>>> print(open('target-v1.cif').read())   # mmCIF, C-alpha atoms and all ligand atoms
data_query
loop_
_atom_site.label_atom_id
_atom_site.label_comp_id
_atom_site.auth_asym_id
_atom_site.auth_seq_id
_atom_site.Cartn_x
_atom_site.Cartn_y
_atom_site.Cartn_z
CA MET W 592 -5.71 -11.30 -19.09
CA SER W 593 -5.13 -11.61 -15.37
CA ASN W 594 -7.57 -12.91 -12.73
CA LYS W 595 -4.64 -13.11 -10.31
CA ASN W 596 -5.42 -12.30 -6.67
CA VAL W 597 -4.16 -9.02 -5.21
CA LEU W 598 -4.31 -7.86 -1.59
CA ILE W 599 -4.09 -4.09 -1.06
CA THR W 600 -3.85 -2.90 2.55
CA GLY W 601 -5.50 0.49 2.96
CA GLY W 602 -7.53 0.38 -0.23
CA THR W 603 -10.50 2.38 1.01
CA LYS W 604 -9.19 5.68 -0.36
CA GLY W 605 -6.17 7.48 -1.76
CA ILE W 606 -3.32 5.55 -3.38
CA GLY W 607 -4.62 2.09 -2.43
CA PHE W 608 -8.02 2.88 -3.94
CA GLY W 609 -6.34 4.15 -7.13
CA ILE W 610 -4.32 0.93 -7.42
CA ALA W 611 -7.51 -1.10 -6.89
CA GLU W 612 -9.28 0.82 -9.69
CA VAL W 613 -6.53 0.15 -12.22
CA LEU W 614 -6.04 -3.52 -11.32
CA LEU W 615 -9.79 -4.25 -11.34
CA SER W 616 -10.09 -2.71 -14.79
CA HIS W 617 -7.36 -5.15 -15.87
CA ASN W 618 -9.22 -8.17 -14.49
CA TYR W 619 -7.30 -8.79 -11.27
CA ASN W 620 -9.29 -10.07 -8.28
CA VAL W 621 -8.74 -7.35 -5.68
CA VAL W 622 -9.03 -7.49 -1.89
CA ILE W 623 -8.92 -4.16 -0.06
CA THR W 624 -8.65 -3.45 3.66
CA GLY W 625 -9.24 -0.53 5.99
CA ARG W 626 -9.76 0.00 9.70
CA ASN W 627 -13.55 0.18 9.71
CA GLN W 628 -16.35 -1.69 8.00
CA GLN W 629 -18.18 1.42 6.79
CA GLY W 630 -15.11 2.71 4.92
CA VAL W 631 -14.59 -0.72 3.37
CA ASP W 632 -18.26 -1.02 2.34
CA GLU W 633 -18.28 2.45 0.73
CA ALA W 634 -15.11 1.70 -1.25
CA ILE W 635 -16.41 -1.70 -2.34
CA SER W 636 -19.62 -0.17 -3.65
CA LEU W 637 -17.62 2.33 -5.78
CA LEU W 638 -15.09 -0.25 -6.97
CA GLY W 639 -17.91 -2.66 -7.82
CA LYS W 640 -18.92 -0.31 -10.67
CA ILE W 641 -15.63 -0.84 -12.52
CA SER W 642 -16.00 -3.09 -15.52
CA GLY W 643 -13.76 -6.14 -15.71
CA THR W 644 -13.90 -9.83 -14.87
CA GLY W 645 -12.13 -9.50 -11.50
CA LYS W 646 -13.88 -9.84 -8.15
CA ILE W 647 -13.71 -7.17 -5.44
CA LEU W 648 -13.63 -8.15 -1.76
CA GLY W 649 -12.98 -6.09 1.34
CA TYR W 650 -12.24 -6.60 5.02
CA ALA W 651 -12.08 -4.34 8.04
CA CYS W 652 -8.70 -5.45 9.28
CA ASP W 653 -6.07 -3.37 11.06
CA VAL W 654 -2.53 -3.98 9.80
CA THR W 655 -1.21 -3.55 13.33
CA ASP W 656 -3.00 -6.77 14.39
CA LEU W 657 -1.14 -9.83 13.04
CA PRO W 658 -3.67 -12.44 14.26
CA SER W 659 -6.46 -10.53 12.45
CA MET W 660 -4.35 -10.36 9.30
CA THR W 661 -3.77 -14.13 9.44
CA GLU W 662 -7.48 -14.75 10.02
CA MET W 663 -8.27 -12.54 7.01
CA MET W 664 -5.87 -14.53 4.81
CA ASP W 665 -7.77 -17.72 5.74
CA LYS W 666 -11.03 -16.10 4.64
CA ILE W 667 -9.43 -14.93 1.37
CA HIS W 668 -8.24 -18.50 0.71
CA GLN W 669 -11.78 -19.77 1.12
CA GLN W 670 -13.26 -17.08 -1.14
CA ILE W 671 -10.76 -16.68 -4.00
CA GLY W 672 -7.68 -18.77 -3.15
CA LYS W 673 -4.04 -17.89 -2.52
CA THR W 674 -2.72 -14.36 -3.02
CA ASP W 675 -0.35 -13.62 -5.94
CA VAL W 676 0.32 -9.94 -5.31
CA VAL W 677 0.51 -8.01 -2.04
CA ILE W 678 0.51 -4.21 -1.96
CA ALA W 679 1.55 -3.04 1.53
CA ASN W 680 0.14 0.46 1.24
CA ALA W 681 -1.65 1.34 4.52
CA GLY W 682 0.07 4.25 6.22
CA ILE W 683 -0.42 7.43 8.21
CA GLY W 684 1.57 10.53 9.07
CA HIS W 685 2.04 12.59 12.21
CA PHE W 686 4.09 15.72 11.63
CA GLY W 687 5.59 18.22 14.05
CA SER W 688 8.79 19.16 15.76
CA ILE W 689 10.25 16.58 18.12
CA GLU W 690 9.41 19.12 20.85
CA ASP W 691 5.71 18.55 20.18
CA LEU W 692 5.54 14.99 18.87
CA THR W 693 3.93 12.73 21.48
CA ALA W 694 4.93 9.20 22.39
CA ASP W 695 1.52 7.99 21.17
CA GLN W 696 2.00 9.65 17.77
CA TRP W 697 5.47 8.10 17.46
CA GLN W 698 4.16 4.67 18.41
CA GLU W 699 1.16 4.79 16.07
CA THR W 700 3.40 5.79 13.16
CA MET W 701 5.77 2.88 13.80
CA ASP W 702 2.92 0.42 14.43
CA ILE W 703 1.14 1.18 11.14
CA ASN W 704 3.90 2.25 8.73
CA LEU W 705 6.54 -0.27 9.78
CA THR W 706 5.14 -3.11 11.90
CA GLY W 707 1.99 -3.04 9.75
CA VAL W 708 4.08 -3.86 6.67
CA PHE W 709 5.94 -6.59 8.57
CA ASN W 710 2.55 -8.09 9.58
CA THR W 711 1.25 -7.87 6.02
CA VAL W 712 4.30 -9.67 4.66
CA LYS W 713 4.28 -12.33 7.40
CA ALA W 714 0.58 -13.07 6.90
CA SER W 715 0.93 -13.47 3.11
CA LEU W 716 4.43 -14.91 2.79
CA GLU W 717 3.51 -18.56 2.19
CA ASP W 718 1.07 -17.47 -0.53
CA VAL W 719 3.54 -15.34 -2.46
CA LYS W 720 6.27 -17.99 -2.16
CA GLU W 721 3.92 -20.65 -3.49
CA LYS W 722 2.74 -18.38 -6.31
CA GLN W 723 6.21 -16.90 -7.06
CA GLY W 724 4.32 -13.70 -6.50
CA TYR W 725 5.01 -10.03 -5.96
CA ILE W 726 5.21 -7.79 -2.87
CA ILE W 727 5.06 -4.03 -3.43
CA THR W 728 5.54 -1.67 -0.50
CA ILE W 729 4.47 1.97 -0.66
CA ALA W 730 7.22 3.91 1.07
CA SER W 731 7.82 7.60 0.25
CA LEU W 732 10.46 10.08 -0.83
CA ALA W 733 10.40 10.78 2.93
CA GLY W 734 12.23 7.46 3.10
CA THR W 735 15.31 9.12 1.62
CA ASN W 736 14.78 12.89 2.16
CA PHE W 737 14.44 14.03 5.76
CA PHE W 738 12.76 17.30 6.78
CA ALA W 739 11.97 19.32 9.91
CA GLY W 740 8.80 18.03 11.54
CA GLY W 741 9.21 14.62 9.92
CA SER W 742 11.01 12.68 12.64
CA ALA W 743 8.38 9.95 13.10
CA TYR W 744 7.32 9.77 9.44
CA ASN W 745 10.91 9.93 8.15
CA ALA W 746 12.02 7.23 10.59
CA SER W 747 9.13 4.95 9.59
CA LYS W 748 9.72 5.39 5.85
CA PHE W 749 13.53 5.18 6.03
CA GLY W 750 12.91 1.97 8.00
CA LEU W 751 10.41 0.72 5.44
CA VAL W 752 12.85 1.24 2.56
CA GLY W 753 15.47 -0.75 4.49
CA PHE W 754 12.98 -3.50 5.35
CA SER W 755 11.76 -3.73 1.74
CA GLN W 756 15.25 -3.94 0.26
CA ALA W 757 16.31 -6.60 2.78
CA ILE W 758 13.29 -8.82 2.13
CA MET W 759 13.82 -8.34 -1.61
CA LEU W 760 17.19 -10.03 -1.11
CA ASP W 761 15.66 -12.72 1.16
CA LEU W 762 12.94 -13.67 -1.31
CA ARG W 763 14.35 -13.31 -4.83
CA LYS W 764 15.79 -16.84 -4.68
CA TYR W 765 12.17 -18.10 -4.65
CA GLY W 766 11.27 -16.04 -7.71
CA VAL W 767 9.35 -13.63 -5.46
CA LYS W 768 9.75 -9.99 -6.48
CA VAL W 769 9.78 -7.13 -3.97
CA THR W 770 9.61 -3.51 -5.11
CA THR W 771 9.35 -0.43 -2.94
CA ILE W 772 7.70 2.58 -4.55
CA MET W 773 8.73 5.94 -3.08
CA PRO W 774 6.23 8.60 -4.18
CA GLY W 775 6.46 12.34 -3.73
CA SER W 776 3.20 14.29 -3.47
CA VAL W 777 0.11 12.28 -4.41
CA THR W 778 -3.48 13.57 -4.21
CA SER W 779 -5.14 11.61 -1.40
CA HIS W 780 -6.73 11.93 2.04
CA PHE W 781 -3.32 11.60 3.71
CA ASN W 782 -3.04 13.56 6.97
CA ASN W 783 -6.73 14.61 6.71
CA HIS W 784 -6.17 16.32 3.36
CA VAL W 785 -9.31 16.95 1.32
CA PRO W 786 -8.55 16.50 -2.40
CA ASN W 787 -9.25 19.74 -4.31
CA GLU W 788 -8.55 21.56 -7.59
CA GLY W 789 -5.23 22.82 -6.28
CA ASP W 790 -3.98 19.24 -6.34
CA ASP W 791 -3.74 19.08 -10.12
CA TRP W 792 0.07 19.35 -10.12
CA LYS W 793 0.40 16.24 -7.93
CA ILE W 794 0.66 12.59 -8.93
CA GLN W 795 -2.84 11.06 -9.00
CA PRO W 796 -3.57 7.73 -7.25
CA GLU W 797 -4.35 6.03 -10.57
CA ASP W 798 -0.84 7.00 -11.77
CA ILE W 799 0.58 4.85 -8.98
CA GLY W 800 -1.95 2.19 -10.06
CA GLN W 801 -0.56 2.33 -13.61
CA MET W 802 2.97 2.02 -12.22
CA VAL W 803 1.93 -1.09 -10.27
CA LEU W 804 0.33 -2.58 -13.38
CA ASP W 805 3.51 -1.90 -15.39
CA LEU W 806 5.57 -3.65 -12.70
CA LEU W 807 3.25 -6.67 -12.73
CA ASN W 808 3.55 -6.88 -16.53
CA MET W 809 7.34 -6.70 -16.51
CA ASN W 810 9.30 -9.73 -17.71
CA PRO W 811 9.73 -12.21 -14.81
CA ARG W 812 13.52 -12.05 -15.16
CA THR W 813 13.64 -8.31 -14.35
CA LEU W 814 13.16 -6.74 -10.92
CA PRO W 815 13.07 -2.96 -10.35
CA SER W 816 13.61 -3.07 -6.60
CA LYS W 817 13.26 0.62 -5.66
CA ILE W 818 11.45 3.35 -7.56
CA GLU W 819 11.35 7.07 -6.79
CA VAL W 820 8.45 8.92 -8.41
CA ARG W 821 7.61 12.61 -8.17
CA PRO W 822 5.33 15.14 -9.88
CA THR W 823 6.91 16.22 -13.18
CA LEU W 824 6.38 19.93 -12.52
CA PRO W 825 7.36 21.29 -9.09
CA LYS W 826 4.65 23.19 -7.22
N1 LIG H 1 -0.25 11.06 -0.39
C1 LIG H 1 1.07 11.23 -0.55
O1 LIG H 1 1.54 12.30 -0.97
C2 LIG H 1 2.01 10.10 -0.24
C3 LIG H 1 3.34 10.22 -0.68
C4 LIG H 1 4.21 9.19 -0.41
C5 LIG H 1 3.80 8.05 0.23
N2 LIG H 1 2.51 7.94 0.67
C6 LIG H 1 2.11 6.70 1.34
O2 LIG H 1 1.05 6.12 0.63
C7 LIG H 1 0.33 5.26 1.50
C8 LIG H 1 -1.16 5.51 1.32
O3 LIG H 1 -1.44 6.82 1.78
P1 LIG H 1 -2.48 7.79 1.05
O4 LIG H 1 -1.75 8.99 0.64
O5 LIG H 1 -3.29 7.06 0.05
O6 LIG H 1 -3.37 8.22 2.33
P2 LIG H 1 -4.93 8.07 2.63
O7 LIG H 1 -5.73 8.65 1.51
O8 LIG H 1 -5.11 8.63 4.01
O9 LIG H 1 -5.18 6.49 2.67
C9 LIG H 1 -4.62 5.70 3.69
C10 LIG H 1 -5.20 4.32 3.62
O10 LIG H 1 -4.58 3.50 4.66
C11 LIG H 1 -5.62 2.89 5.43
N3 LIG H 1 -5.12 2.65 6.77
C12 LIG H 1 -4.55 3.53 7.63
N4 LIG H 1 -4.21 2.91 8.77
C13 LIG H 1 -4.57 1.61 8.63
C14 LIG H 1 -4.47 0.46 9.47
N5 LIG H 1 -3.93 0.55 10.69
N6 LIG H 1 -4.92 -0.72 9.00
C15 LIG H 1 -5.47 -0.81 7.76
N7 LIG H 1 -5.59 0.24 6.92
C16 LIG H 1 -5.15 1.43 7.36
C17 LIG H 1 -6.80 3.88 5.35
O11 LIG H 1 -8.00 3.19 5.59
P3 LIG H 1 -9.10 3.67 6.69
O12 LIG H 1 -8.87 5.13 6.96
O13 LIG H 1 -10.38 3.35 6.01
O14 LIG H 1 -8.80 2.81 7.85
C18 LIG H 1 -6.69 4.29 3.88
O15 LIG H 1 -7.30 3.32 3.04
C19 LIG H 1 0.85 5.54 2.91
O16 LIG H 1 1.75 4.52 3.28
C20 LIG H 1 1.58 6.87 2.75
O17 LIG H 1 2.62 7.00 3.69
C21 LIG H 1 1.59 8.94 0.44
#
>>> encode(input="target-v1.cif", output="structure tokens")
Amino acid sequence: MSNKNVLITGGTKGIGFGIAEVLLSHNYNVVITGRNQQGVDEAISLLGKISGTGKILGYACDVTDLPSMTEMMDKIHQQIGKTDVVIANAGIGHFGSIEDLTADQWQETMDINLTGVFNTVKASLEDVKEKQGYIITIASLAGTNFFAGGSAYNASKFGLVGFSQAIMLDLRKYGVKVTTIMPGSVTSHFNNHVPNEGDDWKIQPEDIGQMVLDLLNMNPRTLPSKIEVRPTLPK
């Protein structure tokens, strides 16, 4: 069983939290992040109840801040060692016609969804190269299907798919795998959504967690580089 070290950006809720639950129950050491200490502490106290031999750590660390990400990696090294698996998951969405979308909303979307993933990869790159590890980015079907009101989100996720595929080609010669997962609708707190009974038709966060676990268990010689996943039944 595992005890490998996994960093999940944005693990305080939603998809990142679901991935953390599944990996902890399979004995990975899991580090989660979020933007504020209270959110991290609350998630850690819930994740701490999961049985398994893995440790759970958490940091308030904004993915838009590369020096903070690097500082966090140093702390992780001291506490549990180098990182084997990086899940670049943190993301947000601003939606609305280009007539209404503000420059601040555009910039925040790019800073978190795109530059945030760049920062995450840069801060952890030496670790995953040394460990012949795994980088998984959480993009979206919005990274291939555009829609009205999606200009900022679509641009960030189209960009993220391109970034992920390019670094997959950069890093495979080191035995480092990069996969981008492109989910459709997942039950989460995305865009201030409050999970409710009407969400039953959607993918659940732990389903993405199971997908991540399956990828990590795949034979080292095989690399699924881009995965689209959607609810089986349409709404
Ligand atoms: N839900 C869907 O249907 C869906 C579909 C396709 C793709 N996705 C993608 O899945 C990813 C996760 O979203 P979700 O649906 O799980 O949404 P969510 O429930 O709102 O969770 C977002 C997570 O990202 C963290 N986060 C946001 N900005 C951050 C920053 N600057 N630095 C560090 N952490 C940050 C949040 O932490 P705090 O709030 O505690 O800071 C939270 O843990 C996103 O990239 C999203 O685009 C979602």
>>> atom_distance(input="target-v1.cif", atom1="atom CA of Lys720 of chain W", atom2="atom CA of Lys604 of chain W")
28.3 Å
>>> residues_around(input="target-v1.cif", residues="Thr655 of chain W", least_positions_apart="5", cutoff="12 Å", atoms="all atoms listed in the file", output="list in words")
Thr600, Gly601, Gly625, Arg626, Met660, Thr661, Ala681, Gly682, Gln698, Glu699, Thr700, Met701, Asp702, Ile703, Asn704, Leu705, Thr706, Gly707, Val708, Phe709, Asn710, Thr711, Val712, Lys713 and Ala714 of chain W
>>> residues_near_ligand(input="target-v1.cif", ligand="ligand LIG 1 (chain H)", cutoff="6 Å", atoms="all atoms listed in the file", output="PyMOL selection string")
chain W and resi 600-607+624-627+630+652-655+680-683+703+729-731+774-781
>>> residues_around(input="target-v1.cif", residues="segment 796-812 of chain W", least_positions_apart="5", cutoff="6 Å", atoms="only C-alpha atoms", output="PyMOL selection string")
chain W and resi 606+609-610+613
>>> atom_distance(input="target-v1.cif", atom1="atom CA of Lys768 of chain W", atom2="atom CA of Gly684 of chain W")
27.0 Å
>>> axis_aligned_box(input="target-v1.cif", around="segment 694-706 of chain W", padding_each_side="8 Å", output="lines of an AutoDock Vina configuration file")
center_x = 3.8
center_y = 3.3
center_z = 15.6
size_x = 21.4
size_y = 28.8
size_z = 29.7
>>> atom_distance(input="target-v1.cif", atom1="atom CA of Val719 of chain W", atom2="atom CA of Gly766 of chain W")
9.4 Å
>>> closest_residue(input="target-v1.cif", among="W:Gln696, W:Thr644, W:Ser755, W:Ser616", to="Asn594 of chain W", atoms="only C-alpha atoms")
W:Thr644
>>> residues_near_point(input="target-v1.cif", point="(-10.6, -15.6, 3.0)", cutoff="12 Å", atoms="all atoms listed in the file", output="list in words")
Asn596, Leu598, Val622, Ile623, Leu648, Gly649, Tyr650, Ser659, Met660, Thr661, Glu662, Met663, Met664, Asp665, Lys666, Ile667, His668, Gln669, Gln670, Ile671, Gly672, Lys673, Thr674 and Ser715 of chain W
>>> closest_residue(input="target-v1.cif", among="W:Val752, W:Leu615, W:Val621, W:Met773", to="Ser642 of chain W", atoms="only C-alpha atoms")
W:Leu615
>>> closest_residue(input="target-v1.cif", among="W:Thr728, W:Asn787, W:Ser747, W:Asn782", to="Met759 of chain W", atoms="only C-alpha atoms")
W:Thr728
>>> closest_residue(input="target-v1.cif", among="W:Val769, W:Val597, W:Ala611, W:Leu657", to="Gln756 of chain W", atoms="all atoms listed in the file")
W:Val769
>>> closest_residue(input="target-v1.cif", among="W:Glu788, W:Asp718, W:Glu612, W:Glu690", to="Ile635 of chain W", atoms="only C-alpha atoms")
W:Glu612
>>> closest_residue(input="target-v1.cif", among="W:Lys640, W:Lys764, W:His685, W:Lys722", to="Lys595 of chain W", atoms="only C-alpha atoms")
W:Lys722
